[in-house]
Amino acid sequence: MRFVIETARHDVSASPDVTLRRFVDADMSVLAKEPGAYDVYAGLIRREYVHVDKDVYCSKRAEVLTSFLQNGRPIFACEAMREAGLEERARKNVEREVRLLKEGVIPGECDWRRLVVDGVMSYAFRASPAQIWNLPK
């Protein structure tokens with residue numbers, strides 16, 4: 001239970017508990033997905049907060065994501081994650097999402113419009129997890 005609670009802080013880099021650092025890094029690894037997959041993830045996060053006004057959501061999500069970039073610490077606590085190139089890819093995804101959110105655009109929630117941001121083609125759409133993974137509802 002403690003590990004799950006620690007995922008809310010997102011920063012365990014100073015923890016001596018290697019297992020905890022790996023657990024939180026696994027949770028944060030979604031930020032390092034390929035750009036198209038990251039957009040699907042971002043759209044699913046929005047679906048979790050569909051009850052929140054879009055402008056409020058964009059503002060608060062951008063604030064949280066910006067904190068990952070500006071806290072002076074790496075996103076990933078484990079050196080192996082950074083050495084694997086996941087830190088750089090996560091930062092690029094987060095930076096791109098923050099830029100879009102500031103424009104009022106939520107990746108993954110754009111009704112099949114094709115977006116071109118920093119040379120990344122992303123096909124954003126509204127879909128339920130069942131549609132994405134082709135599972136029965």
# chains A, B, ... in the order shown; residues from 1 in each chain; ligands from 1
>>> closest_atom_pairs(of="segment 18-58 of chain A", to="segment 91-102 of chain A", cutoff="12 Å", atoms="only C-alpha atoms", output="CSV")
residue,atom,partner,partner_atom,distance
A:Met28,CA,A:Arg91,CA,11.4
A:Ser29,CA,A:Arg91,CA,11.2
A:Val30,CA,A:Asn93,CA,10.0
A:Leu31,CA,A:Asn93,CA,6.6
A:Ala32,CA,A:Asn93,CA,7.0
A:Lys33,CA,A:Asn93,CA,8.1
A:Glu34,CA,A:Asn93,CA,8.3
A:Pro35,CA,A:Asn93,CA,6.5
A:Gly36,CA,A:Asn93,CA,9.8
A:Ala37,CA,A:Asn93,CA,10.3
A:Tyr38,CA,A:Asn93,CA,7.2
A:Asp39,CA,A:Glu97,CA,8.3
A:Val40,CA,A:Glu97,CA,11.7
A:Tyr41,CA,A:Asn93,CA,11.1
A:Ala42,CA,A:Glu97,CA,8.2
A:Gly43,CA,A:Glu97,CA,10.8
A:Arg46,CA,A:Leu101,CA,11.2
A:Lys54,CA,A:Leu101,CA,9.7
A:Asp55,CA,A:Leu101,CA,8.8
A:Val56,CA,A:Leu101,CA,10.3
A:Tyr57,CA,A:Leu101,CA,8.7
A:Cys58,CA,A:Leu101,CA,5.0
>>> write_last_selection(atoms="N, CA, C and O atoms", output="tab-separated table (two decimals), in the first residue's frame")
chain	number	residue	atom	x	y	z
A	28	MET	N	5.70	5.82	-13.76
A	28	MET	CA	6.00	7.01	-14.57
A	28	MET	C	6.41	6.65	-16.01
A	28	MET	O	6.44	7.52	-16.87
A	29	SER	N	6.70	5.39	-16.27
A	29	SER	CA	7.20	5.00	-17.59
A	29	SER	C	6.20	5.29	-18.70
A	29	SER	O	6.59	5.42	-19.86
A	30	VAL	N	4.94	5.43	-18.39
A	30	VAL	CA	3.93	5.77	-19.39
A	30	VAL	C	4.27	7.09	-20.08
A	30	VAL	O	3.92	7.30	-21.24
A	31	LEU	N	4.98	7.95	-19.38
A	31	LEU	CA	5.37	9.25	-19.97
A	31	LEU	C	6.36	9.08	-21.11
A	31	LEU	O	6.53	9.99	-21.91
A	32	ALA	N	7.03	7.93	-21.17
A	32	ALA	CA	8.05	7.69	-22.18
A	32	ALA	C	7.55	6.85	-23.35
A	32	ALA	O	8.34	6.37	-24.16
A	33	LYS	N	6.25	6.70	-23.48
A	33	LYS	CA	5.69	5.94	-24.60
A	33	LYS	C	6.02	6.65	-25.92
A	33	LYS	O	6.34	7.82	-25.94
A	34	GLU	N	5.90	5.92	-27.02
A	34	GLU	CA	6.02	6.54	-28.33
A	34	GLU	C	4.94	7.61	-28.42
A	34	GLU	O	3.87	7.48	-27.81
A	35	PRO	N	5.18	8.70	-29.15
A	35	PRO	CA	4.25	9.83	-29.16
A	35	PRO	C	2.78	9.48	-29.43
A	35	PRO	O	1.89	9.99	-28.75
A	36	GLY	N	2.50	8.63	-30.40
A	36	GLY	CA	1.11	8.27	-30.68
A	36	GLY	C	0.46	7.54	-29.53
A	36	GLY	O	-0.69	7.80	-29.17
A	37	ALA	N	1.20	6.61	-28.92
A	37	ALA	CA	0.68	5.88	-27.76
A	37	ALA	C	0.53	6.81	-26.57
A	37	ALA	O	-0.43	6.69	-25.79
A	38	TYR	N	1.44	7.76	-26.44
A	38	TYR	CA	1.34	8.74	-25.36
A	38	TYR	C	0.06	9.56	-25.51
A	38	TYR	O	-0.63	9.85	-24.53
A	39	ASP	N	-0.27	9.93	-26.73
A	39	ASP	CA	-1.49	10.71	-26.96
A	39	ASP	C	-2.73	9.93	-26.55
A	39	ASP	O	-3.67	10.49	-26.00
A	40	VAL	N	-2.74	8.63	-26.84
A	40	VAL	CA	-3.86	7.79	-26.41
A	40	VAL	C	-3.95	7.82	-24.89
A	40	VAL	O	-5.03	8.01	-24.32
A	41	TYR	N	-2.82	7.65	-24.23
A	41	TYR	CA	-2.77	7.71	-22.77
A	41	TYR	C	-3.31	9.06	-22.26
A	41	TYR	O	-4.14	9.11	-21.35
A	42	ALA	N	-2.86	10.15	-22.87
A	42	ALA	CA	-3.30	11.48	-22.44
A	42	ALA	C	-4.82	11.63	-22.60
A	42	ALA	O	-5.49	12.22	-21.74
A	43	GLY	N	-5.36	11.09	-23.69
A	43	GLY	CA	-6.80	11.13	-23.88
A	43	GLY	C	-7.55	10.32	-22.84
A	43	GLY	O	-8.63	10.72	-22.38
A	46	ARG	N	-7.75	12.24	-19.65
A	46	ARG	CA	-8.83	13.23	-19.72
A	46	ARG	C	-10.18	12.58	-19.45
A	46	ARG	O	-11.03	13.15	-18.76
A	54	LYS	N	-13.08	21.70	-19.13
A	54	LYS	CA	-11.92	21.54	-20.00
A	54	LYS	C	-10.82	22.56	-19.72
A	54	LYS	O	-9.64	22.21	-19.66
A	55	ASP	N	-11.18	23.83	-19.55
A	55	ASP	CA	-10.17	24.85	-19.29
A	55	ASP	C	-9.45	24.60	-17.97
A	55	ASP	O	-8.23	24.77	-17.88
A	56	VAL	N	-10.19	24.20	-16.96
A	56	VAL	CA	-9.59	23.89	-15.66
A	56	VAL	C	-8.68	22.68	-15.79
A	56	VAL	O	-7.55	22.67	-15.29
A	57	TYR	N	-9.16	21.65	-16.49
A	57	TYR	CA	-8.36	20.45	-16.70
A	57	TYR	C	-7.04	20.80	-17.39
A	57	TYR	O	-5.97	20.39	-16.93
A	58	CYS	N	-7.12	21.54	-18.50
A	58	CYS	CA	-5.91	21.89	-19.25
A	58	CYS	C	-4.92	22.65	-18.37
A	58	CYS	O	-3.73	22.36	-18.36
>>> residues_around(residues="Ile45 of chain A", least_positions_apart="6", cutoff="10 Å", atoms="only C-alpha atoms", output="PyMOL selection string")
chain A and resi 39+61+106-108
>>> atom_distance(atom1="atom CA of Pro74 of chain A", atom2="atom CA of Val24 of chain A")
12.6 Å
>>> atom_distance(atom1="atom CA of Ala80 of chain A", atom2="atom CA of Asp25 of chain A")
10.1 Å
>>> atom_distance(atom1="atom CA of Phe76 of chain A", atom2="atom CA of Glu88 of chain A")
10.2 Å
